[in-house]
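Undergrad: Here's a structure for you.
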Amino acid sequence: MTTRSKQDRRRRVVRMAAIVTLIMGGSCAAEAQESFAGKTLFFLVSSDTGGGYDIYTRLLARHMGRHIKGEPTAVVQNMPGGGGLRVAQYIYSVAEKDGTKIGNLRASNMLDSVLGIRGEEIDPGKFNWLGNMASDTDVCSFWRTSGVTKFEDLFNKEVLVGASGKGAQNYMFASAINNVLGTKMKIILGYKGMGDRIIAMERGELQGNCGMNASSLTSLQGERLKDGDIVPVVQSGVKPYPALKDVPLTKSFAKTDEQRRILSVIFDQMDIARTFALPPGAPAGVVAQFRTAFMDSMKDPQLLADAEKQNLEITPSSGEEVAKIIGDMADISPELKKQVRAAIGN
């Protein structure tokens with residue numbers, strides 16, 4: 001090889017190296033995570049303080065910031081209303097899209113939107129789902145003096161159960177069990193939250209309640225469960241909650257395929273019982289960073305130790321997995337939608 005040929009080859013190698021450097025530099029710049037140093041993240045809770053949605057949101061807020069570049073401060077804000085719909089509407093239409101507003105959203109509100117019951121202006125598929133902290137079940141439980149000790153008792157006598165409003169899970173689930181399976185629960189509206197309904201059971205105003213997530217019931221009312229003051233008779237969800245494995249699933253009482261299909265649409269949402277999302281239109285880089293931070297938080301030893309102290313189950317699913325479940329929820333036939341609406345009393 002001549003001297004000139006060697007020089008030309010060196011120039012080509014240098015040029016190629018420069019091009020690769022520029023490409024790699026541009027790629028790294030594109031992938032660089034935005035820093036949230038000095039910023040505040042607002043975690044918006046779809047309930048009052050003290051319930052399961054609040055407890056899980058505060059658990060996440062205490063730990064997720066460590067996994068976001070810049071380690072921003074976290075503030076929890078409670079925004080109850082409409083059985084969770086108020087937060088969903090705010091995150092969908094009002095909240096800043098820069099990553100500083102994170103919504104604790106309820107699958108029940110997403111189902112309402114899909115069915116055209118309320119919140120029709122929301123397209124659940126447009127939320128940027130970060131992930132789900134835990135699957136759960138919804139428990140129907142009764143006070144020790146109610147005379148209800150097993151699910152079959154609900155076919156034989158009218159019992160009073162409480163709910164906050166027709167848009168809430170505590171109304172829809174009890175209504176579905178009545179309308180699909182034929183139980184005789186009379187639903188009394190106007191109770192603010194789980195705490196109010198427990199007090200009403202103690203006073204004898206109510207005999208029982210549906211709409212209590214198993215995680216909330218076992219972590220907040222563990223002593224009453226142990227002492228037999230509160231008697232769980234059935235749970236609604238995909239699989240039994242670990243601490244209540246002997247309590248039967250509602251779907252096990254279905255007698256036809258049609259009943260099972262209707263109950264599955266309503267109750268399978270419990271597989272994503274503790275979901276969080278950024279608004280539609282949030283930057284893709286921020287969504288990607290927060291999805292990773294969310295799942296990293298679910299493996300964080302400090303968060304897991306904190307959860308264990310509060311007797312909270314952590315069974316996470318990713319933002320992509322939540323998005324698929326929401327998509328499947330929306331992809332049901334018009335006829336099934338009509339049946340589900342009738343079942344939940346709308």
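The way I read the labels, and the way they are meant: chains A, B, ... in the order of the structure tokens, residue 1 as the first residue of every chain, and ligand 1 as the first ligand shown, with later ones counted on from there.
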Using only C-alpha atoms, tabulate the residues of region 104-187 of chain A lying at most 10 Å from any atom of region 306-330 of chain A, each with its closest atom pair and that distance in Å to one decimal, by chain and increasing residue number, as a tab-separated table.

TA:
residue	atom	partner	partner_atom	distance
A:Ala107	CA	A:Ile326	CA	8.0
A:Met110	CA	A:Ile326	CA	7.6
A:Leu111	CA	A:Met329	CA	7.0
A:Ser113	CA	A:Ala330	CA	9.0
A:Val114	CA	A:Ala330	CA	5.6
A:Leu115	CA	A:Ala330	CA	8.3
A:Asp123	CA	A:Ala330	CA	9.6
A:Pro124	CA	A:Ile326	CA	6.9
A:Gly125	CA	A:Gly327	CA	6.4
A:Lys126	CA	A:Ala323	CA	9.1
A:Phe127	CA	A:Ala323	CA	8.4
A:Asn128	CA	A:Gly319	CA	7.7
A:Trp129	CA	A:Gly319	CA	4.7
A:Leu130	CA	A:Gly319	CA	4.3
A:Gly131	CA	A:Gly319	CA	3.9
A:Asn132	CA	A:Ser317	CA	5.1
A:Met133	CA	A:Pro316	CA	4.4
A:Ala134	CA	A:Thr315	CA	4.4
A:Ser135	CA	A:Thr315	CA	6.2
A:Asp136	CA	A:Glu313	CA	8.6

Undergrad: Write out as a PyMOL selection string which residues come within 7 Å of Phe43 (chain A) when counting only C-alpha atoms, dropping same-chain ones fewer than 3 positions away.

TA: chain A and resi 61+75-77+101-103

Undergrad: For Gly50 (chain A), work out the shell of residues within 9 Å, counting only C-alpha atoms and skipping chain neighbours fewer than 4 positions away, then give it as a list in words.

TA: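 The neighbour list is Asp54, Ile55, Met194, Gly195 and Leu220 of chain A.
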
Undergrad: Please build the interface table for region 239-295 of chain A against region 95-100 of chain A with a cut-off of 12 Å, listing for each qualifying residue the nearest atom pair and the distance in Å to one decimal; count only C-alpha atoms, order rows by chain and increasing number, and write it as a tab-separated table.

TA:
residue	atom	partner	partner_atom	distance
A:Ala277	CA	A:Gly99	CA	9.7
A:Leu278	CA	A:Gly99	CA	6.6
A:Pro279	CA	A:Lys97	CA	5.8
A:Pro280	CA	A:Lys97	CA	7.3
A:Gly281	CA	A:Lys97	CA	6.3
A:Ala282	CA	A:Lys97	CA	4.6
A:Pro283	CA	A:Asp98	CA	7.0
A:Ala284	CA	A:Asp98	CA	10.3
A:Gly285	CA	A:Gly99	CA	10.0
A:Val286	CA	A:Gly99	CA	6.4
A:Val287	CA	A:Gly99	CA	7.7
A:Ala288	CA	A:Gly99	CA	10.8
A:Gln289	CA	A:Gly99	CA	9.8
A:Phe290	CA	A:Gly99	CA	8.2
A:Arg291	CA	A:Gly99	CA	11.2

Undergrad: For Gly70 (chain A), which residue among A:Leu263, A:Ala37, A:Ala293, A:Met172 is the nearest when counting only C-alpha atoms?

TA: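 Of the candidates, the smallest distance to Gly70 (chain A) is held by A:Ala37.
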
Undergrad: Would you list the contacts of Pro240 (chain A) as a list of chain:residue names, taking every protein, DNA or RNA residue within 9 Å and counting only C-alpha atoms, but skipping same-chain residues closer than 5 positions in sequence?

TA: A:Asp136, A:Thr137, A:Gln235, A:Lys245, A:Asp246, A:Val247, A:Pro248, A:Leu249

Undergrad: Take the residues from that selection and write them out as a compact mmCIF listing (two decimals), in the first residue's frame, keeping C-alpha atoms.

TA:
# COMPACT_ATOMS: atom_id res chain seq x y z
CA ASP A 136 -56.98 -6.60 44.81
CA THR A 137 -60.49 -7.86 45.41
CA GLN A 235 -64.86 -11.23 47.27
CA LYS A 245 -57.95 -17.06 50.48
CA ASP A 246 -60.87 -18.96 52.06
CA VAL A 247 -63.46 -16.32 51.10
CA PRO A 248 -65.17 -17.42 47.84
CA LEU A 249 -65.09 -15.41 44.62

Undergrad: Rounded to one decimal place, report the CA of Met270 (chain A)-CA of Val238 (chain A) distance in Å.

TA: 6.9 Å
